[in-house]
Each structure stands twice: as C-alpha cells, then as structure tokens.
>>> print(open('protein_32.txt').read())   # compact mmCIF, C-alpha atoms (C1' of nucleotides)
# COMPACT_ATOMS: atom_id res chain seq x y z
CA MET A 1 2.79 29.99 -46.31
CA ASN A 2 1.07 28.66 -43.18
CA ALA A 3 -1.23 25.71 -43.40
CA PRO A 4 -4.91 26.59 -43.79
CA SER A 5 -6.94 25.97 -40.66
CA ILE A 6 -9.46 23.16 -40.67
CA GLU A 7 -12.90 23.55 -39.22
CA PRO A 8 -13.54 20.31 -37.35
CA GLU A 9 -17.09 20.36 -38.70
CA LEU A 10 -15.67 19.64 -42.14
CA LEU A 11 -13.44 16.73 -41.17
CA LEU A 12 -14.64 13.57 -42.87
CA ASP A 13 -14.52 11.59 -39.65
CA ASN A 14 -16.84 14.08 -37.96
CA GLN A 15 -19.55 13.73 -40.59
CA LEU A 16 -22.63 11.84 -39.53
CA CYS A 17 -23.55 11.60 -43.20
CA PHE A 18 -20.33 9.82 -44.08
CA LYS A 19 -20.66 7.36 -41.21
CA LEU A 20 -24.17 6.57 -42.40
CA TYR A 21 -23.05 6.21 -45.99
CA ALA A 22 -20.07 4.04 -45.10
CA ALA A 23 -21.94 1.87 -42.61
CA SER A 24 -24.80 1.31 -45.01
CA ARG A 25 -22.43 0.18 -47.74
CA ALA A 26 -20.51 -2.01 -45.30
CA VAL A 27 -23.67 -3.82 -44.24
CA ILE A 28 -24.72 -4.34 -47.85
CA ARG A 29 -21.22 -5.64 -48.55
CA GLY A 30 -21.76 -8.18 -45.79
CA TYR A 31 -25.06 -9.29 -47.27
CA ARG A 32 -23.73 -9.61 -50.80
CA PRO A 33 -22.08 -13.06 -50.70
CA LEU A 34 -25.04 -14.55 -48.84
CA LEU A 35 -27.64 -13.03 -51.13
CA GLU A 36 -25.64 -14.15 -54.13
CA SER A 37 -26.48 -17.72 -53.14
CA LEU A 38 -30.14 -16.77 -53.59
CA GLY A 39 -29.48 -14.94 -56.85
CA LEU A 40 -30.56 -11.60 -55.33
CA THR A 41 -29.01 -8.18 -55.02
CA TYR A 42 -29.57 -6.24 -51.82
CA PRO A 43 -32.33 -3.93 -53.14
CA GLN A 44 -34.02 -6.98 -54.67
CA TYR A 45 -33.85 -8.62 -51.24
CA LEU A 46 -35.56 -5.61 -49.65
CA ALA A 47 -38.30 -5.79 -52.27
CA MET A 48 -38.77 -9.48 -51.49
CA LEU A 49 -39.07 -8.70 -47.77
CA VAL A 50 -41.97 -6.38 -48.52
CA LEU A 51 -43.61 -8.85 -50.90
CA TRP A 52 -43.32 -11.62 -48.30
CA GLU A 53 -45.03 -9.38 -45.77
CA TRP A 54 -47.86 -8.67 -48.17
CA HIS A 55 -48.12 -12.32 -49.06
CA ALA A 56 -48.78 -13.10 -45.39
CA ARG A 57 -51.75 -10.71 -45.40
CA PRO A 58 -54.01 -11.76 -48.27
CA PRO A 59 -55.86 -10.98 -50.37
CA GLU A 60 -54.38 -7.62 -51.33
CA GLN A 61 -51.16 -7.52 -53.30
CA PRO A 62 -49.12 -4.33 -53.57
CA THR A 63 -48.72 -2.11 -56.57
CA VAL A 64 -45.39 -0.72 -57.70
CA LYS A 65 -46.39 2.51 -56.01
CA ALA A 66 -47.15 0.82 -52.68
CA LEU A 67 -43.83 -1.04 -52.78
CA GLY A 68 -42.09 2.22 -53.53
CA GLU A 69 -43.69 3.88 -50.52
CA ARG A 70 -42.33 1.16 -48.26
CA LEU A 71 -38.82 1.19 -49.73
CA LEU A 72 -38.72 4.92 -50.45
CA LEU A 73 -37.90 4.21 -54.09
CA ASP A 74 -39.59 5.39 -57.27
CA SER A 75 -40.63 3.59 -60.43
CA GLY A 76 -37.41 4.61 -62.13
CA THR A 77 -35.61 2.26 -59.78
CA LEU A 78 -38.33 -0.30 -59.18
CA THR A 79 -39.52 -0.98 -62.71
CA PRO A 80 -36.22 -2.47 -63.92
CA LEU A 81 -35.61 -4.15 -60.55
CA LEU A 82 -39.01 -5.85 -60.67
CA LYS A 83 -38.48 -6.91 -64.26
CA ARG A 84 -35.33 -8.67 -63.07
CA LEU A 85 -37.19 -10.37 -60.24
CA GLU A 86 -39.75 -11.45 -62.80
CA GLN A 87 -37.01 -12.81 -65.07
CA LEU A 88 -35.63 -14.71 -62.09
CA GLY A 89 -39.05 -16.27 -61.65
CA PHE A 90 -39.80 -14.87 -58.20
CA VAL A 91 -42.39 -12.21 -59.05
CA ARG A 92 -45.33 -11.70 -61.40
CA ARG A 93 -46.35 -8.25 -62.63
CA ARG A 94 -49.85 -7.61 -63.88
CA ARG A 95 -51.84 -4.54 -64.88
CA ALA A 96 -54.88 -4.06 -62.66
CA ALA A 97 -58.15 -4.64 -64.50
CA HIS A 98 -59.99 -1.89 -62.67
CA ASP A 99 -57.22 0.66 -63.30
CA GLU A 100 -54.83 -0.03 -66.10
CA ARG A 101 -52.31 2.44 -64.73
CA GLU A 102 -51.52 0.20 -61.78
CA VAL A 103 -49.17 -2.77 -61.89
CA HIS A 104 -49.88 -5.31 -59.17
CA LEU A 105 -47.16 -7.56 -57.83
CA ALA A 106 -47.52 -11.19 -56.81
CA LEU A 107 -45.06 -13.85 -55.72
CA THR A 108 -44.58 -17.03 -57.68
CA GLU A 109 -44.20 -20.37 -55.91
CA GLU A 110 -40.43 -19.96 -56.24
CA GLY A 111 -40.69 -16.50 -54.76
CA ILE A 112 -42.66 -17.80 -51.80
CA ALA A 113 -40.30 -20.73 -51.31
CA LEU A 114 -37.27 -18.44 -51.31
CA ARG A 115 -38.30 -17.06 -47.95
CA ASP A 116 -37.39 -20.29 -46.17
CA LYS A 117 -33.77 -19.89 -47.21
CA VAL A 118 -33.47 -16.41 -45.76
CA MET A 119 -33.71 -16.97 -42.00
CA PRO A 120 -30.65 -19.23 -41.72
CA LEU A 121 -28.76 -16.85 -43.98
CA ARG A 122 -29.67 -13.96 -41.72
CA ASP A 123 -28.62 -15.89 -38.62
CA GLU A 124 -25.29 -16.64 -40.25
CA LEU A 125 -24.73 -13.00 -41.06
CA ILE A 126 -25.54 -11.74 -37.58
CA CYS A 127 -23.49 -14.48 -35.99
CA SER A 128 -20.41 -13.88 -38.12
CA SER A 129 -20.67 -10.13 -37.58
CA GLY A 130 -20.39 -10.59 -33.83
CA LEU A 131 -22.78 -7.70 -33.28
CA ASP A 132 -24.78 -7.36 -30.10
CA LEU A 133 -28.50 -7.77 -30.71
CA ASN A 134 -29.46 -5.19 -28.11
CA GLU A 135 -27.10 -2.63 -29.52
CA MET A 136 -28.46 -3.33 -33.00
CA ALA A 137 -32.01 -2.77 -31.79
CA GLU A 138 -30.97 0.44 -30.07
CA LEU A 139 -29.23 1.72 -33.18
CA ARG A 140 -32.17 0.73 -35.34
CA ALA A 141 -34.50 2.76 -33.13
CA ARG A 142 -32.22 5.81 -33.31
CA LEU A 143 -32.01 5.56 -37.07
CA GLY A 144 -35.78 5.23 -37.20
CA GLU A 145 -36.09 8.53 -35.35
CA LEU A 146 -33.57 10.20 -37.63
CA LEU A 147 -35.34 8.90 -40.71
CA GLY A 148 -38.66 10.11 -39.36
CA GLN A 149 -37.30 13.60 -38.87
CA LEU A 150 -35.65 13.67 -42.27
CA MET A 151 -38.76 12.44 -44.07
CA GLY A 152 -40.96 14.96 -42.31
CA LEU A 153 -39.02 17.96 -43.59
CA PRO A 154 -40.67 20.77 -45.56
CA GLY A 155 -38.39 20.16 -48.54
CA MET B 1 -55.71 -21.56 -46.49
CA ASN B 2 -54.40 -19.81 -43.39
CA ALA B 3 -52.08 -16.86 -43.73
CA PRO B 4 -48.37 -17.73 -43.53
CA SER B 5 -46.77 -16.67 -40.27
CA ILE B 6 -44.24 -13.85 -40.34
CA GLU B 7 -41.04 -14.03 -38.42
CA PRO B 8 -40.60 -10.55 -36.94
CA GLU B 9 -36.91 -10.77 -37.80
CA LEU B 10 -37.86 -10.54 -41.46
CA LEU B 11 -40.17 -7.54 -41.20
CA LEU B 12 -38.73 -4.63 -43.16
CA ASP B 13 -39.23 -2.24 -40.29
CA ASN B 14 -37.19 -4.45 -37.98
CA GLN B 15 -34.15 -4.44 -40.26
CA LEU B 16 -31.19 -2.42 -39.08
CA CYS B 17 -29.82 -2.69 -42.60
CA PHE B 18 -32.88 -1.06 -44.13
CA LYS B 19 -32.91 1.76 -41.59
CA LEU B 20 -29.26 2.42 -42.44
CA TYR B 21 -29.90 2.26 -46.16
CA ALA B 22 -32.96 4.51 -45.97
CA ALA B 23 -31.40 7.02 -43.57
CA SER B 24 -28.25 7.28 -45.66
CA ARG B 25 -30.23 8.00 -48.78
CA ALA B 26 -32.43 10.47 -46.94
CA VAL B 27 -29.42 12.45 -45.75
CA ILE B 28 -27.91 12.47 -49.22
CA ARG B 29 -31.27 13.63 -50.55
CA GLY B 30 -31.08 16.54 -48.12
CA TYR B 31 -27.61 17.45 -49.31
CA ARG B 32 -28.48 17.29 -52.98
CA PRO B 33 -30.09 20.69 -53.59
CA LEU B 34 -27.39 22.45 -51.59
CA LEU B 35 -24.52 20.64 -53.30
CA GLU B 36 -26.11 21.34 -56.66
CA SER B 37 -25.37 25.00 -56.06
CA LEU B 38 -21.69 24.02 -55.91
CA GLY B 39 -21.94 21.74 -58.93
CA LEU B 40 -21.10 18.67 -56.85
CA THR B 41 -22.70 15.30 -56.27
CA TYR B 42 -22.57 13.84 -52.78
CA PRO B 43 -19.67 11.40 -53.39
CA GLN B 44 -17.78 14.21 -55.10
CA TYR B 45 -18.37 16.33 -51.99
CA LEU B 46 -16.92 13.59 -49.80
CA ALA B 47 -13.86 13.43 -52.03
CA MET B 48 -13.46 17.19 -51.71
CA LEU B 49 -13.67 16.94 -47.90
CA VAL B 50 -10.70 14.58 -47.95
CA LEU B 51 -8.76 16.70 -50.42
CA TRP B 52 -9.36 19.81 -48.29
CA GLU B 53 -8.01 17.96 -45.27
CA TRP B 54 -4.89 16.95 -47.17
CA HIS B 55 -4.49 20.45 -48.50
CA ALA B 56 -4.31 21.74 -44.93
CA ARG B 57 -1.39 19.41 -44.21
CA PRO B 58 1.25 20.06 -46.89
CA PRO B 59 3.33 19.02 -48.59
CA GLU B 60 1.98 15.54 -49.25
CA GLN B 61 -0.98 15.12 -51.60
CA PRO B 62 -2.98 11.92 -51.69
CA THR B 63 -3.01 9.28 -54.37
CA VAL B 64 -6.18 7.73 -55.71
CA LYS B 65 -5.43 4.76 -53.48
CA ALA B 66 -5.10 6.92 -50.36
CA LEU B 67 -8.35 8.70 -51.15
CA GLY B 68 -10.01 5.34 -51.66
CA GLU B 69 -8.84 4.16 -48.26
CA ARG B 70 -10.47 7.15 -46.60
CA LEU B 71 -13.76 6.87 -48.49
CA LEU B 72 -13.80 3.06 -48.70
CA LEU B 73 -14.12 3.27 -52.46
CA ASP B 74 -12.03 1.66 -55.20
CA SER B 75 -10.56 3.03 -58.42
CA GLY B 76 -13.53 1.74 -60.37
CA THR B 77 -15.62 4.36 -58.62
CA LEU B 78 -12.99 7.02 -58.05
CA THR B 79 -11.34 7.23 -61.45
CA PRO B 80 -14.44 8.50 -63.27
CA LEU B 81 -15.48 10.62 -60.27
CA LEU B 82 -12.07 12.31 -60.18
CA LYS B 83 -12.12 12.86 -63.92
CA ARG B 84 -15.37 14.75 -63.43
CA LEU B 85 -13.88 16.84 -60.63
CA GLU B 86 -11.01 17.57 -62.98
CA GLN B 87 -13.43 18.58 -65.74
CA LEU B 88 -15.15 20.87 -63.24
CA GLY B 89 -11.81 22.51 -62.61
CA PHE B 90 -11.54 21.61 -58.91
CA VAL B 91 -8.87 18.89 -59.04
CA ARG B 92 -5.65 18.09 -60.90
CA ARG B 93 -4.51 14.51 -61.48
CA ARG B 94 -0.89 13.74 -62.17
CA ARG B 95 1.19 10.56 -62.44
CA ALA B 96 3.92 10.43 -59.82
CA ALA B 97 7.41 10.76 -61.27
CA HIS B 98 8.97 8.31 -58.84
CA ASP B 99 6.29 5.67 -59.46
CA GLU B 100 4.30 5.93 -62.62
CA ARG B 101 1.60 3.66 -61.25
CA GLU B 102 0.43 6.28 -58.79
CA VAL B 103 -1.86 9.19 -59.63
CA HIS B 104 -1.50 12.10 -57.22
CA LEU B 105 -4.35 14.49 -56.57
CA ALA B 106 -4.11 18.21 -56.04
CA LEU B 107 -6.64 20.99 -55.64
CA THR B 108 -6.85 23.87 -58.08
CA GLU B 109 -7.42 27.41 -56.86
CA GLU B 110 -11.11 26.94 -57.62
CA GLY B 111 -11.09 23.71 -55.66
CA ILE B 112 -9.51 25.42 -52.66
CA ALA B 113 -11.90 28.37 -52.91
CA LEU B 114 -14.90 26.09 -52.99
CA ARG B 115 -14.35 25.19 -49.35
CA ASP B 116 -15.45 28.63 -48.18
CA LYS B 117 -18.90 28.05 -49.61
CA VAL B 118 -19.40 24.81 -47.73
CA MET B 119 -19.66 25.89 -44.09
CA PRO B 120 -22.71 28.14 -44.54
CA LEU B 121 -24.29 25.45 -46.66
CA ARG B 122 -23.72 22.91 -43.89
CA ASP B 123 -25.16 25.25 -41.28
CA GLU B 124 -28.24 25.73 -43.41
CA LEU B 125 -28.72 21.99 -43.77
CA ILE B 126 -28.37 21.25 -40.06
CA CYS B 127 -30.59 24.17 -39.15
CA SER B 128 -33.38 23.24 -41.54
CA SER B 129 -33.22 19.60 -40.46
CA GLY B 130 -33.97 20.58 -36.88
CA LEU B 131 -31.70 17.80 -35.64
CA ASP B 132 -30.13 17.93 -32.20
CA LEU B 133 -26.35 18.28 -32.40
CA ASN B 134 -25.73 16.10 -29.36
CA GLU B 135 -27.93 13.33 -30.69
CA MET B 136 -26.14 13.57 -34.02
CA ALA B 137 -22.77 13.21 -32.31
CA GLU B 138 -24.04 10.26 -30.31
CA LEU B 139 -25.39 8.54 -33.40
CA ARG B 140 -22.19 9.26 -35.27
CA ALA B 141 -20.17 7.58 -32.54
CA ARG B 142 -22.44 4.51 -32.58
CA LEU B 143 -22.16 4.24 -36.34
CA GLY B 144 -18.41 4.56 -36.05
CA GLU B 145 -18.35 1.56 -33.72
CA LEU B 146 -20.59 -0.42 -36.05
CA LEU B 147 -18.43 0.45 -39.01
CA GLY B 148 -15.32 -0.53 -37.11
CA GLN B 149 -16.76 -3.93 -36.31
CA LEU B 150 -17.96 -4.50 -39.86
CA MET B 151 -14.64 -3.48 -41.40
CA GLY B 152 -12.72 -5.72 -39.03
CA LEU B 153 -14.48 -8.89 -40.14
CA PRO B 154 -12.59 -11.91 -41.48
CA GLY B 155 -14.45 -11.71 -44.82
C1' DT C 1 19.59 -10.29 -63.72
C1' DG C 2 15.32 -11.63 -65.31
C1' DA C 3 11.02 -13.96 -64.89
C1' DA C 4 7.21 -14.11 -61.55
C1' DA C 5 4.58 -11.82 -58.24
C1' DT C 6 2.73 -7.64 -56.66
C1' DT C 7 0.77 -3.20 -57.00
C1' DA C 8 -1.98 1.12 -58.75
C1' DA C 9 -5.13 2.76 -62.03
C1' DA C 10 -8.01 2.20 -65.54
C1' DT C 11 -11.51 -0.29 -67.95
C1' DT C 12 -15.68 -3.08 -68.54
C1' DG C 13 -20.12 -4.53 -67.35
C1' DC C 14 -24.13 -4.55 -64.54
C1' DA C 15 -27.50 -2.87 -61.12
C1' DC C 16 -28.98 0.60 -58.75
C1' DG C 17 -30.93 5.77 -57.37
C1' DC C 18 -33.01 9.53 -58.90
C1' DA C 19 -34.29 13.72 -61.69
C1' DA C 20 -36.82 14.66 -65.67
C1' DT C 21 -39.75 13.42 -69.23
C1' DT C 22 -43.13 10.54 -71.57
C1' DT C 23 -47.12 7.57 -72.07
C1' DA C 24 -51.40 6.05 -70.91
C1' DA C 25 -55.35 5.84 -67.93
C1' DT C 26 -58.46 7.98 -64.76
C1' DT C 27 -60.72 11.77 -62.46
C1' DG C 28 -62.96 16.15 -61.86
C1' DG C 29 -64.91 20.56 -62.99
C1' DG C 30 -67.71 23.25 -65.92
C1' DC D 1 -70.02 15.15 -71.92
C1' DC D 2 -65.50 16.95 -72.69
C1' DC D 3 -61.29 18.74 -71.66
C1' DA D 4 -57.84 19.91 -68.26
C1' DA D 5 -55.59 18.14 -64.34
C1' DT D 6 -53.98 14.28 -61.99
C1' DT D 7 -52.03 9.87 -61.43
C1' DA D 8 -49.11 5.36 -62.19
C1' DA D 9 -45.56 3.30 -64.72
C1' DA D 10 -42.22 3.40 -67.86
C1' DT D 11 -38.40 5.54 -70.09
C1' DT D 12 -34.15 8.28 -70.53
C1' DG D 13 -29.90 9.92 -68.96
C1' DC D 14 -26.28 10.37 -65.72
C1' DG D 15 -23.40 9.25 -61.73
C1' DT D 16 -22.23 6.13 -58.72
C1' DG D 17 -20.63 1.21 -56.36
C1' DC D 18 -18.42 -2.73 -57.12
C1' DA D 19 -16.77 -7.24 -59.11
C1' DA D 20 -13.76 -8.71 -62.57
C1' DT D 21 -10.37 -7.94 -65.83
C1' DT D 22 -6.67 -5.39 -68.07
C1' DT D 23 -2.61 -2.50 -68.43
C1' DA D 24 1.50 -0.85 -66.95
C1' DA D 25 5.01 -0.14 -63.52
C1' DT D 26 7.60 -1.83 -59.71
C1' DT D 27 9.38 -5.21 -56.55
C1' DT D 28 11.05 -9.69 -55.26
C1' DC D 29 13.87 -13.37 -55.28
C1' DA D 30 15.71 -17.54 -57.23
>>> encode(input="protein_32.txt", output="structure tokens")
Amino acid sequence: MNAPSIEPELLLDNQLCFKLYAASRAVIRGYRPLLESLGLTYPQYLAMLVLWEWHARPPEQPTVKALGERLLLDSGTLTPLLKRLEQLGFVRRRRAAHDEREVHLALTEEGIALRDKVMPLRDELICSSGLDLNEMAELRARLGELLGQLMGLPG
Amino acid sequence: MNAPSIEPELLLDNQLCFKLYAASRAVIRGYRPLLESLGLTYPQYLAMLVLWEWHARPPEQPTVKALGERLLLDSGTLTPLLKRLEQLGFVRRRRAAHDEREVHLALTEEGIALRDKVMPLRDELICSSGLDLNEMAELRARLGELLGQLMGLPG
DNA sequence: TGAAATTAAATTGCACGCAATTTAATTGGG
DNA sequence: CCCAATTAAATTGCGTGCAATTTAATTTCA
C-alpha cells in the first residue's frame, strides 16, 4: 500500500487559521503571569481596557451590549465575566432607570486605580518578548484588515 | 474634574493582542458552520489535520503527547477532545504495549474518509471570504515568526 | 536492586466562547 | 390602547484551554 498523498493546503503548518489560533494563545499565555498579579484573566483585562477608555470620556458609561460590540463578545460570555469583575470590586453593574433592559457599567475607585499598574506591566511584557515595535504595528494593521474583511462577510 | 488622559498604548484598538484574539475567533467563527457539516469542532478539526498528516507517513502513529506538541495543547485539553473523536468514530486510542504510559492514536476508516470532504469545504471558505491568497501566505509567515519568538521565550 | 525521580495521561476545577433559549422591558402597528 | 415584534440580559449547556494534582508506568542511579 503506497502512502496517501498530502495536499499541502491541508498541512497544519500551512494553515493561516492555526497560526492565528496558536499565536493568539501564545500571547495570552505571556500575559497570564503578569495579569495574575492584578487578579485578572485576559478577557477581563480586555474588558477593563474598554471601561478605562469610556471612563476617560464622561459622562456616558457603556452597557453590556456596547462592551460586547467592542470586544465582539455576547452576554453569554460577558454577564458572568462582569459579575466576576464586580466581585473583585473593580466594576459596578446597574440597571438603567430609563430602560430596565439595559445594564450600565461603571468603574469603582479600585477599578480606576488598577489602570496605573498596567503600563509598567505592559512595558515589561513587550521588553521581555524582544519583539520589534514596528513589526508589531505592521502586524496589527494587517490583522485589522483581515478582521475587517471577516466581519464584513454576508454570513 | 477634567477627563483622565489616555495613553494610546492602552487603547483597545492599538493592541496587537486583541487583534490576534479577535481575528482568531473570527476565523474559527467562519469555519464553524462548515465543520458542523462534518460533525467537528474547530480544535477537533486541527487534531484531524495532524492525524491525517501522520496517516500519510506510516507506519508510526502519534501519541497524545506528540499531537499535543504539534497543536501546543496538553492532555487536559486533548484527552476529552480525543475521547469525543473516538465516540464520533473517527479515531482509535490504544495504550502502547512497550510503554503503558503512552496512548497511541490511529484513524478509523471513517476518519480517513473524512479527509476527502475537507478540501471542497476549505475552498468554499476561502472563496466566500474573498481573501487574497498571497496576503494570506504573507500574514501566515509573519505569524509564524511571531509564534517562533513567543515560544522561544525564557518563561 | 530498589527507592527516588521522571514521564505520559487522566482528572479536577475554573473561566471562557458561543449557540440556543428564556425572561423581562420596550416599541410599533393597527 | 393592545398585542405582536423587537430588544437587552441572563441562563443553560457543551466544548475547549490550562493550571494543578493524581495515577500509573518507566527510568535512573546510589
């Protein structure tokens, strides 16, 4: 019996999707020990990034829906995640008075203060990774284009 | 009270990590409906890619450990995933006789046959995405470099 | 040789992601 | 005004990822 032929398009190492998947997990793996010192998981950290942005542009605070639109996550993921951030004391959740369906998100003092610890942590991560800032920016732009195309699909 | 300043390095849209995370999920989202027709999840599909490669190079079949080294996943993830592939009838798991610690993986006839359904599915996905093949290859290479650097870290 | 160290899987526990459904509130058309 | 349609969160259920631990087999070396 001769060995079956392999289409190179099906080799794992030729898959853009696998490179994306593996690289994404590798980056998150790099963040983990640093974020642990803040008590955050990586998705919680992303949520905090968005909340810090909103905090810098008062008076509006985001709803769960608005946060989900930024992070591309739904309430099935965000509701338990936000409850954990609330338990940690970083976030407050409150039903909107004018529309009881909406839950508005606000940072606590601890949540606001946490931001000051993040910049040095980020510097440490980039420094220890030895990555080139220009290459990172280039790659980020390419991924932005890819994401834009994927999100604009008919499906 | 004046609005807090925002370091651009902390804006969500400037994060390479978020672009990676979002793009990876977006690609997997694109695969989902197509893989559903095969009865596979995305990580299961990746495992099958590796098993098909091994199948084309007899006689050796991979262990759980070897599969994990290719996919960068540990037994905590792979053991239940492989049990599901076994339940689906695509994979056989067997303890090695010469070393009872090892579990060797082999494809069933159904598992081998499944490969023929994948190429057209992949073509459909790439076609409907409207992505440029050269740009995809370029991005894949860049991500490979990034992954290489991240995996070679001291941590 | 025989106890200690190492190794491979499996197990446990927790936090996502996400599809599908449910609940509750609001909106819109007749 | 009322009821159907829509909307926002929450809930449920399942399959990852991954750290930590456990179990069992093998290797090492005093």
>>> interface_residues(input="protein_32.txt", of="chain A", to="chain C", cutoff="8 Å", atoms="all atoms listed in the file", output="PyMOL selection string")
chain A and resi 43+73-74+76-77+99-101
>>> interface_residues(input="protein_32.txt", of="chain B", to="chain A", cutoff="7 Å", atoms="only C-alpha atoms", output="JSON, numbers by chain")
{"B": [3, 4, 5, 6, 10, 11, 12, 16, 17, 19, 20, 21, 23, 24, 26, 27, 49, 50, 53, 56, 57, 129, 136, 140, 143, 144, 147, 150, 153]}
>>> interface_residues(input="protein_32.txt", of="chain D", to="chain A", cutoff="10 Å", atoms="only C-alpha atoms (C1' of nucleotides)", output="list of chain:residue names")
D:DT7, D:DA8, D:DA9, D:DA10, D:DT11, D:DT12, D:DG17, D:DC18
>>> atom_distance(input="protein_32.txt", atom1="CA of Arg95 (chain B)", atom2="CA of Leu38 (chain B)")
27.3 Å
>>> atom_distance(input="protein_32.txt", atom1="CA of Ile126 (chain A)", atom2="CA of Leu34 (chain A)")
11.6 Å
>>> atom_distance(input="protein_32.txt", atom1="CA of Glu124 (chain B)", atom2="CA of Glu110 (chain B)")
22.3 Å
>>> closest_residue(input="protein_32.txt", among="B:Lys83, B:Phe90, B:Arg32, B:Tyr45", to="Ala106 (chain B)", atoms="only C-alpha atoms")
B:Phe90
>>> axis_aligned_box(input="protein_32.txt", around="region 2-12 of chain C", padding_each_side="5 Å", output="JSON")
{"center_x": -0.2, "center_y": -5.7, "center_z": -62.6, "size_x": 41.0, "size_y": 26.9, "size_z": 21.9}
